[in-house]
>>> print(open('protein.txt').read())   # compact mmCIF, C-alpha atoms and all ligand atoms
# COMPACT_ATOMS: atom_id res chain seq x y z
CA MET A 1120 40.96 15.60 -12.05
CA PHE A 1121 37.41 15.46 -13.30
CA GLU A 1122 38.20 12.37 -15.37
CA THR A 1123 38.51 10.39 -12.16
CA LEU A 1124 34.87 11.02 -11.24
CA LYS A 1125 32.46 8.13 -11.45
CA PRO A 1126 28.77 8.43 -12.18
CA GLN A 1127 26.84 8.32 -8.92
CA PRO A 1128 23.71 6.24 -8.52
CA ALA A 1129 20.59 8.32 -9.13
CA ASP A 1130 18.35 8.85 -6.11
CA LYS A 1131 15.41 6.53 -6.81
CA ILE A 1132 12.76 8.98 -5.66
CA LEU A 1133 14.14 11.92 -7.63
CA ALA A 1134 14.72 9.78 -10.76
CA LEU A 1135 11.06 8.77 -10.60
CA MET A 1136 10.04 12.44 -10.44
CA GLN A 1137 11.85 13.00 -13.74
CA MET A 1138 10.34 9.92 -15.38
CA TYR A 1139 6.88 11.13 -14.44
CA ARG A 1140 7.56 14.54 -15.97
CA ASP A 1141 8.76 12.90 -19.19
CA ASP A 1142 5.69 10.63 -19.52
CA PRO A 1143 3.35 12.13 -22.16
CA ARG A 1144 0.23 10.24 -20.95
CA ALA A 1145 -2.49 12.65 -19.83
CA ASP A 1146 -3.94 10.24 -17.28
CA LYS A 1147 -0.63 9.44 -15.52
CA ILE A 1148 -0.78 9.48 -11.72
CA ASP A 1149 2.14 10.67 -9.58
CA LEU A 1150 2.36 8.78 -6.29
CA GLY A 1151 6.14 9.17 -6.06
CA VAL A 1152 7.98 11.95 -4.26
CA GLY A 1153 6.77 12.94 -0.80
CA VAL A 1154 5.19 16.24 -1.66
CA TYR A 1155 1.64 17.07 -0.59
CA LYS A 1156 -0.82 17.74 -3.39
CA ASN A 1157 -4.43 18.87 -3.08
CA ALA A 1158 -7.33 17.40 -5.07
CA GLU A 1159 -6.34 19.55 -8.06
CA GLY A 1160 -2.84 18.11 -8.00
CA VAL A 1161 -1.34 21.39 -6.78
CA THR A 1162 1.15 21.80 -3.92
CA PRO A 1163 -0.28 25.03 -2.53
CA VAL A 1164 1.49 27.76 -0.58
CA MET A 1165 -0.30 27.60 2.77
CA ARG A 1166 -2.44 30.62 3.67
CA ALA A 1167 -0.45 31.46 6.80
CA ILE A 1168 2.81 31.29 4.83
CA LYS A 1169 1.45 33.77 2.27
CA ALA A 1170 0.30 36.10 5.05
CA ALA A 1171 3.64 35.86 6.86
CA GLU A 1172 5.54 36.51 3.62
CA HIS A 1173 3.46 39.59 3.01
CA LYS A 1174 4.13 40.86 6.51
CA LEU A 1175 7.82 40.04 6.25
CA TRP A 1176 8.12 41.93 2.97
CA GLU A 1177 6.65 44.98 4.64
CA GLU A 1178 8.57 44.78 7.88
CA GLN A 1179 11.97 43.31 7.09
CA THR A 1180 14.65 46.01 6.94
CA SER A 1181 17.79 43.92 6.50
CA LYS A 1182 18.96 40.64 5.10
CA SER A 1183 22.27 40.69 6.91
CA TYR A 1184 23.52 37.50 8.58
CA VAL A 1185 21.64 36.25 11.61
CA GLY A 1186 23.77 33.67 13.45
CA LEU A 1187 25.49 30.37 12.74
CA ALA A 1188 22.73 28.44 14.49
CA GLY A 1189 20.02 30.58 12.91
CA ASP A 1190 17.64 32.82 14.83
CA PRO A 1191 17.25 31.56 18.43
CA ALA A 1192 13.57 32.53 18.21
CA TYR A 1193 13.16 29.91 15.46
CA SER A 1194 14.78 27.23 17.63
CA ASP A 1195 12.58 28.22 20.58
CA ALA A 1196 9.39 28.07 18.53
CA MET A 1197 10.25 24.73 16.91
CA ILE A 1198 11.37 23.17 20.17
CA LYS A 1199 8.04 24.12 21.69
CA LEU A 1200 6.16 22.71 18.69
CA ILE A 1201 8.02 19.41 18.73
CA LEU A 1202 8.88 18.82 22.35
CA GLY A 1203 6.22 20.86 24.14
CA ASP A 1204 7.24 20.92 27.80
CA ALA A 1205 8.78 17.45 27.73
CA VAL A 1206 12.36 18.72 28.23
CA ALA A 1207 13.69 21.88 29.91
CA ARG A 1208 14.85 24.41 27.32
CA GLU A 1209 18.30 24.70 28.93
CA ASN A 1210 18.91 21.03 28.16
CA ILE A 1211 18.53 21.51 24.41
CA ALA A 1212 21.07 22.72 21.87
CA ALA A 1213 19.57 23.54 18.48
CA ALA A 1214 20.63 24.87 15.11
CA ALA A 1215 18.72 25.73 11.97
CA THR A 1216 19.68 23.61 8.96
CA PRO A 1217 18.87 23.56 5.24
CA GLY A 1218 15.80 21.35 5.45
CA GLY A 1219 15.33 18.14 7.40
CA THR A 1220 17.97 16.50 5.22
CA GLY A 1221 20.45 19.13 6.37
CA ALA A 1222 19.60 18.25 9.97
CA VAL A 1223 20.08 14.54 9.25
CA ARG A 1224 23.44 15.21 7.64
CA GLN A 1225 24.63 17.42 10.50
CA ALA A 1226 23.46 14.83 13.03
CA PHE A 1227 25.51 12.14 11.30
CA GLU A 1228 28.53 14.46 11.25
CA LEU A 1229 28.09 15.07 14.97
CA ILE A 1230 27.88 11.34 15.65
CA LYS A 1231 31.07 10.74 13.70
CA MET A 1232 32.82 13.54 15.53
CA ALA A 1233 31.69 12.37 18.98
CA ASN A 1234 32.17 8.64 18.46
CA PRO A 1235 33.86 7.52 15.23
CA LYS A 1236 33.10 3.91 16.14
CA ALA A 1237 29.34 4.41 16.45
CA ARG A 1238 27.15 2.52 14.03
CA VAL A 1239 23.71 3.77 13.09
CA PHE A 1240 20.84 1.29 13.18
CA VAL A 1241 18.22 2.01 10.53
CA SER A 1242 14.82 0.44 10.00
CA ASP A 1243 14.21 -1.99 7.14
CA PRO A 1244 13.14 -0.13 5.13
CA THR A 1245 13.94 3.51 5.81
CA TRP A 1246 14.12 6.69 3.74
CA PRO A 1247 16.80 5.68 1.17
CA ASN A 1248 18.71 8.91 1.68
CA HIS A 1249 19.41 7.97 5.32
CA VAL A 1250 21.48 5.04 4.13
CA SER A 1251 23.02 7.00 1.30
CA ILE A 1252 24.20 9.87 3.53
CA LEU A 1253 25.52 7.45 6.16
CA LYS A 1254 27.61 5.78 3.49
CA TYR A 1255 28.82 9.13 2.20
CA VAL A 1256 29.78 10.34 5.68
CA GLY A 1257 31.51 7.01 6.35
CA ILE A 1258 29.32 5.60 9.11
CA GLU A 1259 28.33 1.96 9.15
CA ALA A 1260 24.59 1.48 8.77
CA VAL A 1261 23.07 -1.61 10.37
CA VAL A 1262 19.57 -2.62 9.42
CA TYR A 1263 16.95 -3.64 11.99
CA ARG A 1264 13.74 -5.43 11.06
CA TYR A 1265 10.78 -3.08 11.05
CA PHE A 1266 8.10 -3.74 8.42
CA ASP A 1267 6.18 -6.97 8.54
CA ARG A 1268 5.47 -7.83 4.92
CA ASP A 1269 2.57 -10.11 5.88
CA THR A 1270 0.61 -7.81 8.18
CA ARG A 1271 2.01 -4.57 6.71
CA GLY A 1272 2.39 -3.43 10.32
CA VAL A 1273 5.48 -3.17 12.51
CA ASN A 1274 7.43 -6.36 13.15
CA PHE A 1275 8.00 -5.27 16.70
CA ASP A 1276 9.50 -8.51 17.98
CA GLY A 1277 11.96 -8.55 15.09
CA MET A 1278 12.84 -4.91 15.71
CA MET A 1279 13.54 -5.47 19.40
CA GLU A 1280 15.55 -8.59 18.73
CA ASP A 1281 17.72 -6.81 16.16
CA LEU A 1282 18.25 -3.77 18.38
CA LYS A 1283 19.62 -6.10 21.01
CA GLY A 1284 22.56 -6.55 18.63
CA ALA A 1285 23.53 -2.89 19.08
CA GLN A 1286 26.44 -2.04 21.33
CA LYS A 1287 26.77 0.76 23.86
CA GLY A 1288 27.24 4.04 22.00
CA ASP A 1289 25.54 2.89 18.80
CA VAL A 1290 22.79 5.14 17.47
CA VAL A 1291 19.26 4.00 16.69
CA LEU A 1292 17.51 6.04 14.03
CA LEU A 1293 13.74 6.17 14.55
CA HIS A 1294 11.03 7.98 12.62
CA GLY A 1295 9.14 10.29 14.97
CA CYS A 1296 5.83 9.68 13.20
CA CYS A 1297 4.45 8.82 9.77
CA HIS A 1298 7.19 6.32 8.99
CA ASN A 1299 8.71 6.85 5.55
CA PRO A 1300 8.28 4.72 3.45
CA THR A 1301 5.97 2.27 5.23
CA GLY A 1302 3.26 4.31 7.01
CA ALA A 1303 3.44 1.76 9.86
CA ASN A 1304 4.18 3.34 13.22
CA LEU A 1305 5.02 2.40 16.79
CA ASN A 1306 2.27 2.77 19.40
CA GLU A 1307 2.81 4.26 22.85
CA VAL A 1308 3.50 0.92 24.54
CA GLN A 1309 6.05 0.04 21.86
CA TRP A 1310 7.79 3.42 22.14
CA LYS A 1311 8.17 2.78 25.88
CA GLU A 1312 9.63 -0.66 25.28
CA VAL A 1313 12.10 0.75 22.77
CA ILE A 1314 13.10 3.46 25.26
CA ALA A 1315 13.69 0.84 27.98
CA LEU A 1316 15.92 -1.10 25.60
CA LEU A 1317 17.85 2.02 24.55
CA ASN A 1318 18.52 2.92 28.17
CA GLU A 1319 19.36 -0.59 29.23
CA ARG A 1320 21.98 -0.92 26.47
CA GLY A 1321 23.34 2.64 26.43
CA LEU A 1322 22.13 3.29 22.87
CA ILE A 1323 21.60 6.82 21.56
CA PRO A 1324 18.28 7.59 19.89
CA MET A 1325 18.16 9.79 16.82
CA ILE A 1326 14.70 10.80 15.71
CA ASP A 1327 13.85 12.04 12.26
CA ILE A 1328 10.55 13.90 12.37
CA ALA A 1329 9.51 15.26 8.99
CA TYR A 1330 5.72 14.82 8.98
CA GLN A 1331 4.43 16.16 12.31
CA GLY A 1332 0.73 16.91 11.86
CA PHE A 1333 0.24 14.50 8.95
CA GLY A 1334 -0.60 11.42 11.03
CA ASP A 1335 -2.85 11.66 14.07
CA GLY A 1336 -2.46 15.39 14.76
CA LEU A 1337 0.25 17.87 15.76
CA GLU A 1338 0.35 16.86 19.43
CA GLU A 1339 -0.31 13.15 18.88
CA ASP A 1340 2.48 12.87 16.30
CA ALA A 1341 4.95 14.28 18.81
CA LEU A 1342 4.24 11.60 21.40
CA GLY A 1343 7.18 9.34 20.53
CA VAL A 1344 9.78 12.08 20.26
CA ARG A 1345 8.62 13.59 23.56
CA LEU A 1346 8.76 10.25 25.35
CA VAL A 1347 12.24 9.53 24.05
CA ALA A 1348 13.71 12.99 24.69
CA SER A 1349 12.36 13.05 28.24
CA SER A 1350 13.45 9.50 29.09
CA CYS A 1351 16.86 9.03 27.46
CA PRO A 1352 20.07 10.72 28.63
CA GLU A 1353 20.85 11.99 25.14
CA THR A 1354 18.73 12.36 22.00
CA LEU A 1355 19.35 13.78 18.55
CA ILE A 1356 16.33 15.14 16.70
CA ALA A 1357 16.26 16.12 13.03
CA ALA A 1358 13.12 18.07 12.16
CA SER A 1359 11.74 19.35 8.89
CA CYS A 1360 9.25 22.13 8.11
CA SER A 1361 9.07 21.18 4.42
CA LYS A 1362 5.83 19.25 4.60
CA ASN A 1363 3.85 20.61 7.54
CA PHE A 1364 4.49 24.22 6.47
CA GLY A 1365 4.57 23.35 2.75
CA ILE A 1366 7.87 25.23 2.27
CA TYR A 1367 9.84 22.48 0.57
CA ARG A 1368 12.16 24.64 -1.50
CA GLU A 1369 12.89 27.09 1.32
CA ARG A 1370 14.97 24.35 3.01
CA THR A 1371 13.87 24.79 6.60
CA GLY A 1372 14.98 22.30 9.22
CA LEU A 1373 16.30 22.08 12.76
CA LEU A 1374 18.78 19.81 14.49
CA MET A 1375 18.41 19.41 18.24
CA ALA A 1376 20.82 17.76 20.65
CA VAL A 1377 19.03 17.03 23.91
CA SER A 1378 20.97 16.09 27.01
CA ASN A 1379 19.74 15.49 30.53
CA ASP A 1380 22.98 17.06 31.68
CA ALA A 1381 22.24 20.78 31.41
CA GLY A 1382 25.99 21.44 31.67
CA ALA A 1383 26.45 19.86 28.25
CA GLN A 1384 24.25 22.38 26.46
CA ALA A 1385 26.93 25.02 25.81
CA LEU A 1386 29.32 22.47 24.32
CA ASN A 1387 26.57 20.92 22.19
CA GLN A 1388 25.39 24.33 21.02
CA GLY A 1389 28.93 25.31 20.08
CA THR A 1390 29.36 22.04 18.18
CA LEU A 1391 26.19 22.57 16.16
CA ALA A 1392 27.26 26.11 15.26
CA PHE A 1393 30.74 24.84 14.32
CA LEU A 1394 29.28 22.13 12.07
CA ASN A 1395 27.08 24.70 10.33
CA ARG A 1396 30.12 26.94 9.77
CA GLN A 1397 32.13 24.11 8.25
CA ASN A 1398 29.42 22.93 5.91
CA TYR A 1399 27.59 26.03 4.69
CA SER A 1400 28.18 28.73 7.26
CA PHE A 1401 24.84 30.42 7.94
CA PRO A 1402 21.68 28.36 7.47
CA PRO A 1403 18.86 29.66 5.24
CA ASP A 1404 16.66 32.16 7.06
CA HIS A 1405 13.59 32.90 4.96
CA GLY A 1406 11.57 29.75 5.69
CA ALA A 1407 12.68 29.69 9.33
CA ARG A 1408 11.53 33.29 9.78
CA LEU A 1409 8.11 32.53 8.30
CA VAL A 1410 7.72 29.52 10.59
CA THR A 1411 8.71 31.63 13.61
CA MET A 1412 6.24 34.35 12.68
CA ILE A 1413 3.44 31.82 12.31
CA LEU A 1414 4.16 29.92 15.51
CA ASN A 1415 4.41 33.13 17.54
CA ASP A 1416 1.25 34.79 16.22
CA ASP A 1417 -2.03 33.39 17.57
CA ALA A 1418 -4.10 34.13 14.46
CA LEU A 1419 -1.52 32.91 11.94
CA ARG A 1420 -0.85 29.83 14.02
CA ALA A 1421 -4.54 28.96 14.29
CA ASP A 1422 -4.99 29.34 10.54
CA TRP A 1423 -1.89 27.25 9.80
CA ALA A 1424 -3.01 24.50 12.21
CA ALA A 1425 -6.50 24.53 10.66
CA GLU A 1426 -5.13 24.18 7.13
CA LEU A 1427 -2.74 21.43 8.22
CA GLU A 1428 -5.65 19.61 9.83
CA GLU A 1429 -7.61 19.83 6.55
CA VAL A 1430 -4.63 18.29 4.78
CA ARG A 1431 -4.39 15.51 7.37
CA LEU A 1432 -8.08 14.70 7.27
CA GLY A 1433 -8.04 14.77 3.47
CA MET A 1434 -5.30 12.14 3.43
CA LEU A 1435 -7.13 10.01 5.98
CA GLY A 1436 -10.25 10.19 3.79
CA LEU A 1437 -8.23 9.07 0.75
CA ARG A 1438 -6.76 6.19 2.74
CA GLN A 1439 -10.20 5.06 3.78
CA SER A 1440 -11.69 5.31 0.29
CA LEU A 1441 -8.78 3.40 -1.27
CA ALA A 1442 -9.09 0.66 1.37
CA ASP A 1443 -12.89 0.55 0.82
CA GLU A 1444 -12.54 0.35 -2.95
CA LEU A 1445 -10.00 -2.47 -2.67
CA GLN A 1446 -12.30 -4.23 -0.25
CA ARG A 1447 -15.13 -3.93 -2.77
CA LEU A 1448 -13.01 -5.20 -5.68
CA THR A 1449 -11.35 -8.10 -3.86
CA GLY A 1450 -14.07 -9.00 -1.38
CA SER A 1451 -11.36 -9.22 1.28
CA ASP A 1452 -9.75 -7.10 4.00
CA ARG A 1453 -6.28 -7.64 2.62
CA PHE A 1454 -5.79 -3.96 2.02
CA SER A 1455 -7.29 -2.62 5.24
CA PHE A 1456 -3.75 -1.73 6.35
CA ILE A 1457 -3.92 1.28 4.02
CA ALA A 1458 -6.55 2.84 6.28
CA GLN A 1459 -4.52 2.00 9.37
CA HIS A 1460 -1.23 3.43 8.17
CA ARG A 1461 -0.54 7.07 8.98
CA GLY A 1462 1.19 9.92 7.21
CA MET A 1463 1.83 10.57 3.57
CA PHE A 1464 2.93 7.07 2.64
CA SER A 1465 1.89 3.47 2.61
CA LEU A 1466 4.07 0.59 1.55
CA LEU A 1467 1.97 -1.84 -0.46
CA GLY A 1468 4.55 -4.52 0.15
CA THR A 1469 4.63 -5.81 -3.40
CA THR A 1470 7.49 -6.51 -5.82
CA PRO A 1471 9.37 -3.95 -7.95
CA GLU A 1472 8.13 -5.93 -10.99
CA LEU A 1473 4.48 -5.27 -10.18
CA VAL A 1474 5.24 -1.62 -9.40
CA GLU A 1475 6.87 -1.37 -12.82
CA LYS A 1476 3.91 -3.14 -14.45
CA MET A 1477 1.52 -0.54 -13.00
CA ARG A 1478 3.77 2.23 -14.30
CA VAL A 1479 3.94 0.76 -17.80
CA ASP A 1480 0.30 -0.37 -18.07
CA ASN A 1481 -1.46 2.38 -16.15
CA GLY A 1482 0.93 5.35 -15.88
CA ILE A 1483 0.94 4.97 -12.09
CA TYR A 1484 4.18 6.17 -10.56
CA MET A 1485 5.12 4.83 -7.16
CA VAL A 1486 8.59 4.20 -5.72
CA GLY A 1487 10.03 0.79 -6.68
CA ASP A 1488 9.73 -0.51 -3.13
CA SER A 1489 5.94 -0.05 -3.62
CA ARG A 1490 5.67 3.13 -1.53
CA LEU A 1491 2.73 5.23 -2.60
CA ASN A 1492 2.14 8.85 -1.74
CA ILE A 1493 -1.46 9.00 -0.57
CA ALA A 1494 -1.57 12.76 -1.17
CA GLY A 1495 -1.01 12.12 -4.88
CA LEU A 1496 -4.52 10.64 -5.08
CA ASN A 1497 -7.94 12.26 -5.43
CA ALA A 1498 -11.54 11.05 -5.63
CA GLN A 1499 -11.18 10.31 -9.37
CA THR A 1500 -7.88 8.45 -9.17
CA VAL A 1501 -8.64 6.25 -6.14
CA PRO A 1502 -10.75 3.78 -8.19
CA VAL A 1503 -8.18 3.84 -11.01
CA LEU A 1504 -5.39 2.90 -8.62
CA ALA A 1505 -7.50 0.27 -6.87
CA LYS A 1506 -8.30 -1.38 -10.19
CA ALA A 1507 -4.66 -1.26 -11.29
CA ILE A 1508 -3.56 -2.88 -8.01
CA VAL A 1509 -6.06 -5.69 -8.47
CA ASP A 1510 -5.35 -6.11 -12.22
CA ALA A 1511 -1.60 -6.30 -11.56
CA GLY A 1512 -2.26 -9.09 -9.07
CA VAL A 1513 -0.76 -7.34 -6.03
C1 LIG B 1 10.44 11.68 0.04
O1 LIG B 1 10.74 10.75 0.79
O2 LIG B 1 9.85 11.51 -1.04
C2 LIG B 1 10.75 13.08 0.45
O3 LIG B 1 11.36 13.11 1.69
C3 LIG B 1 11.48 13.83 -0.58
C4 LIG B 1 12.90 13.42 -0.73
O4 LIG B 1 13.76 14.29 -0.65
O5 LIG B 1 13.17 12.23 -0.95
>>> encode(input="protein.txt", output="C-alpha cells", more="lines below")
Ligand code: LMR
Amino acid sequence: MFETLKPQPADKILALMQMYRDDPRADKIDLGVGVYKNAEGVTPVMRAIKAAEHKLWEEQTSKSYVGLAGDPAYSDAMIKLILGDAVARENIAAAATPGGTGAVRQAFELIKMANPKARVFVSDPTWPNHVSILKYVGIEAVVYRYFDRDTRGVNFDGMMEDLKGAQKGDVVLLHGCCHNPTGANLNEVQWKEVIALLNERGLIPMIDIAYQGFGDGLEEDALGVRLVASSCPETLIAASCSKNFGIYRERTGLLMAVSNDAGAQALNQGTLAFLNRQNYSFPPDHGARLVTMILNDDALRADWAAELEEVRLGMLGLRQSLADELQRLTGSDRFSFIAQHRGMFSLLGTTPELVEKMRVDNGIYMVGDSRLNIAGLNAQTVPVLAKAIVDAGV
C-alpha cells in the first residue's frame, strides 16, 4: 500500500524554517514563520503562563478526560475575550481544538457536512494552509482580490466586486485582525460594508482570528469579529491562543459557531463535539487550562495583558524604525506602508526572485511571497534589512 503514496508538497513556511536552521551563517536573520521573538531572538514563555503552570502543578489532582468540547470554562473565557458582550452566550456553540489550525480544519469539516456545495472564498493572498486544508477536505476555494500591490493596502473595491460572485450559502473567510500574510486590514467602515454584502447575498462569514492583541490592542482587534457575529445570522470563528499567549506547541484553539437562532445552539454544540470525537476525540487540555486560569484571575490577566501590550508596542516600534530607515535610504515614502500595517506580518509586495536574492546575498529569510515577520527583527537588524531591501532593488 505504501508504494502508492506520492510525496506531498512541503509547506512553504515550514520548509523555510528548516532552511534557516541549516544555514551556517552567524548573521542570518529569520523573518519567516509567524512566531514572536523578543530582541534577543527568544520566544519567551509569558510570565502569566509560567505562574499558571506553577499553580496548576500544585493544584491539579487528575489528568482524566474533560469533555469532547473541552472544558466549558475555557469556552466561556475565550468567548468573552473575543466576542465581549456582542452576542448572547446561549447563541454560541464552542469546542476546544488543537490550535487555531485545528479550529480551521473543524470549521471546514462542518461546512462540508452542512452544505457539501458550499465554496469558501479566500483572500488573495491568505495563509497558505487555508487553501491547502480546503483542498484536502475537498472544498472548492475561490479567491477574492484583497491586497493592492501598488498601495500595499486593501483593494477594497476589488474585494467587494469579487464577493459579489459568491452564491447564497457560500462561505467567506476573513481574517479577524492582523491579516496573514499582508498586514493590511479592513477598517470599521469596510467591515460594515462587507457585513451588508454578506447579509444581502446570504453568505456565511468565517473568521480566523489568530493574532488578537498584536495589532491595535485586545479590544480594538476584536472589532471586526464582534461586528460580524452580532450582525450576521450565522458566523464561524476559528481562534488561536498560540501567539497571544505564546503557547504555540500546546495547541490551544477554539471553534465557535454563532447563530442568531438560540434554538440552533444545542445542535451546533453536538456537531462540534461529534467532529472532535471523529478526528481526535478529546482536545488538548493543558494550554486551554492555563488560558482559562489567566483569563479568570484578575492579577494573572492584568500581567498577561501588560506583557502582550509590551509585545505589541515593540512590534509597532520595529515597524516604525524600519519604515524610517527605508525612508532615509530611499528618500521616499514608498515603504511607509510598513508602519501602517498591523500585526506580526507585512507583505513587501516584491517578487520571489528578490526574496531569494536577499536570502542568498544577506541570509535574510522571509516567505517567498515577500511576507516578513516583524517580530524577527531587532534594533540591530532593522538597518541590515533596510539596506538589503534597497540593495536588492525592491
Ligand atoms: C505562520 O503563518 O507562519 C504561522 O501561522 C505558523 C504556521 O503554522 O504557518
>>> residues_near_ligand(input="protein.txt", ligand="ligand LIG 1 (chain B)", cutoff="9 Å", atoms="only C-alpha atoms and all ligand atoms", output="PDB file with C-alpha atoms, in the frame of the given file")
ATOM      1  CA  ASP A1130      18.350   8.850  -6.110  1.00  0.00           C
ATOM      2  CA  LYS A1131      15.410   6.530  -6.810  1.00  0.00           C
ATOM      3  CA  ILE A1132      12.760   8.980  -5.660  1.00  0.00           C
ATOM      4  CA  LEU A1133      14.140  11.920  -7.630  1.00  0.00           C
ATOM      5  CA  GLY A1151       6.140   9.170  -6.060  1.00  0.00           C
ATOM      6  CA  VAL A1152       7.980  11.950  -4.260  1.00  0.00           C
ATOM      7  CA  GLY A1153       6.770  12.940  -0.800  1.00  0.00           C
ATOM      8  CA  VAL A1154       5.190  16.240  -1.660  1.00  0.00           C
ATOM      9  CA  GLY A1219      15.330  18.140   7.400  1.00  0.00           C
ATOM     10  CA  THR A1220      17.970  16.500   5.220  1.00  0.00           C
ATOM     11  CA  TRP A1246      14.120   6.690   3.740  1.00  0.00           C
ATOM     12  CA  PRO A1247      16.800   5.680   1.170  1.00  0.00           C
ATOM     13  CA  ASN A1248      18.710   8.910   1.680  1.00  0.00           C
ATOM     14  CA  ASN A1299       8.710   6.850   5.550  1.00  0.00           C
ATOM     15  CA  PRO A1300       8.280   4.720   3.450  1.00  0.00           C
ATOM     16  CA  ALA A1329       9.510  15.260   8.990  1.00  0.00           C
ATOM     17  CA  SER A1361       9.070  21.180   4.420  1.00  0.00           C
ATOM     18  CA  LYS A1362       5.830  19.250   4.600  1.00  0.00           C
ATOM     19  CA  TYR A1367       9.840  22.480   0.570  1.00  0.00           C
ATOM     20  CA  PHE A1464       2.930   7.070   2.640  1.00  0.00           C
ATOM     21  CA  VAL A1486       8.590   4.200  -5.720  1.00  0.00           C
ATOM     22  CA  ASN A1492       2.140   8.850  -1.740  1.00  0.00           C
TER      23      ASN A1492
END
>>> atom_distance(input="protein.txt", atom1="atom CA of A:Ala1215", atom2="atom CA of A:Pro1402")
6.0 Å
>>> closest_residue(input="protein.txt", among="A:Ser1489, A:Gln1179, A:Ser1251, A:Thr1354", to="A:Gly1288", atoms="all atoms listed in the file")
A:Thr1354
>>> residues_near_point(input="protein.txt", point="(20.4, 31.7, 2.5)", cutoff="9 Å", atoms="only C-alpha atoms", output="compact mmCIF listing (two decimals) with C-alpha atoms, in the coordinates of the input")
# COMPACT_ATOMS: atom_id res chain seq x y z
CA TYR A 1184 23.52 37.50 8.58
CA PRO A 1217 18.87 23.56 5.24
CA GLU A 1369 12.89 27.09 1.32
CA PHE A 1401 24.84 30.42 7.94
CA PRO A 1402 21.68 28.36 7.47
CA PRO A 1403 18.86 29.66 5.24
CA ASP A 1404 16.66 32.16 7.06
CA HIS A 1405 13.59 32.90 4.96
>>> residues_around(input="protein.txt", residues="A:Thr1390", least_positions_apart="5", cutoff="12 Å", atoms="all atoms listed in the file", output="PyMOL selection string")
chain A and resi 1187-1188+1212-1214+1225-1226+1228-1230+1232-1233+1374-1376+1383-1385+1395-1397
>>> closest_residue(input="protein.txt", among="A:Ala1494, A:Val1410, A:Met1138, A:Val1291", to="A:Cys1360", atoms="all atoms listed in the file")
A:Val1410
>>> residues_near_point(input="protein.txt", point="(-8.4, 14.3, -7.9)", cutoff="7 Å", atoms="all atoms listed in the file", output="list of chain:residue names")
A:Ala1158, A:Glu1159, A:Gly1160, A:Leu1496, A:Asn1497, A:Ala1498, A:Gln1499, A:Thr1500
>>> closest_residue(input="protein.txt", among="A:Asp1190, A:Asp1149, A:Asp1443, A:Asp1204", to="A:Thr1216", atoms="all atoms listed in the file")
A:Asp1190
>>> atom_distance(input="protein.txt", atom1="atom CA of A:Val1347", atom2="atom CA of A:Val1377")
10.1 Å
>>> closest_residue(input="protein.txt", among="A:Arg1408, A:Arg1461, A:Arg1345, A:Arg1431", to="A:Gly1203", atoms="all atoms listed in the file")
A:Arg1345
>>> closest_residue(input="protein.txt", among="A:Thr1411, A:Gln1286, A:Thr1470, A:Asn1304", to="A:Phe1240", atoms="all atoms listed in the file")
A:Gln1286
>>> atom_distance(input="protein.txt", atom1="atom CA of A:Gly1302", atom2="atom CA of A:Leu1427")
18.2 Å
>>> closest_residue(input="protein.txt", among="A:Val1501, A:Leu1346, A:Ile1328, A:Ala1134", to="A:Val1308", atoms="all atoms listed in the file")
A:Leu1346
>>> closest_atom_pairs(input="protein.txt", of="stretch 1360-1468 of chain A", to="stretch 1260-1284 of chain A", cutoff="9 Å", atoms="all atoms listed in the file", output="tab-separated table")
residue	atom	partner	partner_atom	distance
A:Arg1453	CA	A:Thr1270	CA	8.9
A:Phe1456	CA	A:Arg1271	CA	6.4
A:Ile1457	CA	A:Arg1271	CA	8.8
A:Gln1459	CA	A:Gly1272	CA	8.8
A:His1460	CA	A:Gly1272	CA	8.0
A:Leu1466	CA	A:Arg1271	CA	7.6
A:Leu1467	CA	A:Arg1271	CA	7.7
A:Gly1468	CA	A:Arg1268	CA	5.9
>>> residues_around(input="protein.txt", residues="A:Gly1336", least_positions_apart="4", cutoff="9 Å", atoms="all atoms listed in the file", output="PyMOL selection string")
chain A and resi 1331-1332+1340-1341+1427-1428+1431
>>> write_last_selection(input="protein.txt", atoms="C-alpha atoms", output="tab-separated table (two decimals), in the frame of the given file")
chain	number	residue	atom	x	y	z
A	1331	GLN	CA	4.43	16.16	12.31
A	1332	GLY	CA	0.73	16.91	11.86
A	1340	ASP	CA	2.48	12.87	16.30
A	1341	ALA	CA	4.95	14.28	18.81
A	1427	LEU	CA	-2.74	21.43	8.22
A	1428	GLU	CA	-5.65	19.61	9.83
A	1431	ARG	CA	-4.39	15.51	7.37
>>> axis_aligned_box(input="protein.txt", around="stretch 1491-1504 of chain A", padding_each_side="5 Å", output="lines of an AutoDock Vina configuration file")
center_x = -4.4
center_y = 7.8
center_z = -5.8
size_x = 24.3
size_y = 19.9
size_z = 20.4
>>> residues_around(input="protein.txt", residues="A:Leu1322", least_positions_apart="6", cutoff="6 Å", atoms="all atoms listed in the file", output="MDAnalysis selection string")
chainID A and resid 1287:1290
